[in-house]
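Here is the structure we will look at, set down as C-alpha cells.
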Amino acid sequence: MLTISGLKNFYFVPEFTDMRCKAPRMLELIHRRFGRDPYNGDVFIFMSKDRRKLRMIHYEDHAYFMHEKSFTQSYKYMKVQYAEDGRKVYRMDWKDLVALLQSPVIDVMKITA
C-alpha cells in the first residue's frame, strides 16, 4: 500500500538508473554521491533507463519503504526533463508525481485487423 502523501518532499534523481540496488544501498548513494540526508523522511524517485520501472524510496520510523511500479512492454513513463542547471537531484511537486504515476506513454501501438 502506498502511504505517501503530498506533505512530503519529493526528489527525482535522473542520474541513477540502476534498479538492481535495494533501498538501503540507494539511500546510502543519495547521502554519499548527492549530499542529501535520506533519513529525514524525504521521498527519492528513481526511474530505469528504459523508463518502464519507477521506484520511490524513503525512510520513516526506523524502516525503509520502497514502492515500485513497472509497466509491460507496450508502456513506459513519460520522460522527465528539467532545466540544465548542474543539479543532480531535482525537487518534484506532488501534482507532478501524480501525473507521472498516472499517465503512461504508449511506446508501441499494435493494431490487428
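Just so we're on the same page: first chain in the C-alpha cells is A, next is B, and so on; residues restart at 1 for each chain, and ligands are numbered from 1 in the order they show up.
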If you count only C-alpha atoms, which residues fall within 8 Å of region 89-103 of chain A, apart from same-chain ones fewer than 5 positions away, as a PyMOL selection string? chain A and resi 6+9-14+34+77-78+82
Store the residues of this selection in a file with all heavy atoms, as a compact mmCIF listing (two decimals), in the first residue's frame.
# COMPACT_ATOMS: atom_id res chain seq x y z
N GLY A 6 1.02 14.13 -0.15
CA GLY A 6 1.61 15.34 -0.67
C GLY A 6 2.33 16.18 0.36
O GLY A 6 2.87 17.23 0.04
N ASN A 9 8.49 15.89 0.95
CA ASN A 9 9.32 16.49 -0.10
C ASN A 9 9.71 15.37 -1.06
O ASN A 9 10.16 14.30 -0.63
CB ASN A 9 10.57 17.13 0.48
CG ASN A 9 10.24 18.33 1.33
OD1 ASN A 9 9.39 19.13 0.98
ND2 ASN A 9 10.91 18.45 2.46
N PHE A 10 9.57 15.63 -2.35
CA PHE A 10 9.88 14.62 -3.36
C PHE A 10 11.06 15.09 -4.19
O PHE A 10 11.11 16.25 -4.61
CB PHE A 10 8.67 14.39 -4.27
CG PHE A 10 7.48 13.91 -3.53
CD1 PHE A 10 6.51 14.79 -3.09
CD2 PHE A 10 7.32 12.57 -3.24
CE1 PHE A 10 5.41 14.35 -2.39
CE2 PHE A 10 6.22 12.11 -2.54
CZ PHE A 10 5.26 13.01 -2.11
N TYR A 11 12.00 14.17 -4.44
CA TYR A 11 13.18 14.49 -5.22
C TYR A 11 13.38 13.43 -6.29
O TYR A 11 13.40 12.23 -6.00
CB TYR A 11 14.42 14.56 -4.31
CG TYR A 11 14.34 15.68 -3.32
CD1 TYR A 11 13.94 15.46 -2.01
CD2 TYR A 11 14.64 16.98 -3.70
CE1 TYR A 11 13.85 16.49 -1.10
CE2 TYR A 11 14.55 18.03 -2.79
CZ TYR A 11 14.16 17.78 -1.50
OH TYR A 11 14.06 18.81 -0.60
N PHE A 12 13.54 13.88 -7.52
CA PHE A 12 13.78 12.99 -8.66
C PHE A 12 15.28 12.94 -8.90
O PHE A 12 15.95 13.98 -8.96
CB PHE A 12 13.05 13.52 -9.90
CG PHE A 12 13.23 12.65 -11.10
CD1 PHE A 12 12.67 11.38 -11.14
CD2 PHE A 12 13.94 13.10 -12.19
CE1 PHE A 12 12.82 10.58 -12.25
CE2 PHE A 12 14.10 12.31 -13.31
CZ PHE A 12 13.55 11.04 -13.34
N VAL A 13 15.82 11.72 -9.03
CA VAL A 13 17.26 11.51 -9.23
C VAL A 13 17.45 10.91 -10.63
O VAL A 13 17.40 9.70 -10.79
CB VAL A 13 17.83 10.57 -8.15
CG1 VAL A 13 19.34 10.46 -8.27
CG2 VAL A 13 17.45 11.04 -6.76
N PRO A 14 17.65 11.76 -11.65
CA PRO A 14 17.71 11.24 -13.02
C PRO A 14 19.00 10.51 -13.35
O PRO A 14 19.02 9.68 -14.27
CB PRO A 14 17.57 12.50 -13.87
CG PRO A 14 18.08 13.60 -13.02
CD PRO A 14 17.74 13.21 -11.62
N PHE A 34 25.20 12.37 -3.63
CA PHE A 34 24.44 13.58 -3.91
C PHE A 34 24.36 14.55 -2.73
O PHE A 34 23.77 15.62 -2.84
CB PHE A 34 23.03 13.22 -4.39
CG PHE A 34 23.04 12.33 -5.60
CD1 PHE A 34 22.51 11.06 -5.52
CD2 PHE A 34 23.59 12.75 -6.79
CE1 PHE A 34 22.52 10.23 -6.63
CE2 PHE A 34 23.61 11.92 -7.91
CZ PHE A 34 23.08 10.66 -7.83
N TYR A 77 7.02 5.21 -18.73
CA TYR A 77 6.77 6.50 -18.11
C TYR A 77 7.15 7.62 -19.05
O TYR A 77 8.04 7.47 -19.89
CB TYR A 77 7.57 6.65 -16.81
CG TYR A 77 7.05 5.78 -15.70
CD1 TYR A 77 7.64 4.57 -15.42
CD2 TYR A 77 5.95 6.17 -14.97
CE1 TYR A 77 7.15 3.76 -14.41
CE2 TYR A 77 5.46 5.37 -13.96
CZ TYR A 77 6.06 4.17 -13.68
OH TYR A 77 5.58 3.38 -12.70
N MET A 78 6.46 8.75 -18.90
CA MET A 78 6.86 9.90 -19.71
C MET A 78 8.23 10.38 -19.26
O MET A 78 8.64 10.16 -18.11
CB MET A 78 5.82 11.01 -19.61
CG MET A 78 5.61 11.61 -18.26
SD MET A 78 4.35 12.90 -18.32
CE MET A 78 3.13 12.19 -17.25
N TYR A 82 14.23 18.53 -16.86
CA TYR A 82 14.43 19.72 -16.05
C TYR A 82 15.40 20.64 -16.77
O TYR A 82 16.16 20.20 -17.62
CB TYR A 82 15.00 19.35 -14.67
CG TYR A 82 13.99 18.74 -13.74
CD1 TYR A 82 13.81 17.38 -13.67
CD2 TYR A 82 13.21 19.55 -12.93
CE1 TYR A 82 12.88 16.83 -12.81
CE2 TYR A 82 12.28 18.99 -12.07
CZ TYR A 82 12.12 17.64 -12.01
OH TYR A 82 11.21 17.09 -11.17
From a backbone DSSP assignment, name each residue in chain A labelled helix (DSSP H, G or I), as a ChimeraX atom specification. /A:23-34,94-102
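Across A:Leu27, A:Ile45, A:Leu7, A:Ile106, the tightest approach to Ala63 (chain A) is made by A:Leu27 when counting only C-alpha atoms.
Minimum distance to Leu29 (chain A) across A:Ser48, A:Glu60, A:Glu15, A:Lys8 (counting only C-alpha atoms) occurs at A:Glu15.
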Could you pull out the strand (DSSP E or B) residues of region 16-75 of chain A, going by DSSP on the backbone, and write them as a count of residues only? 22
Would you pick out the contacts of Asp61 (chain A) at 12 Å or less, using only C-alpha atoms, so that residues sharing its chain but fewer than 4 positions from it are not included, and give the list as an NGL selection string? :A and (39-41 or 65)
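The smallest atom-to-atom distance between Val80 (chain A) and any of A:His67, A:Arg51, A:Arg33, A:Arg25, using only C-alpha atoms, is found for A:Arg51.
For the pair CA of Ile30 (chain A) and CA of Gln81 (chain A), the interatomic distance is 19.8 Å.
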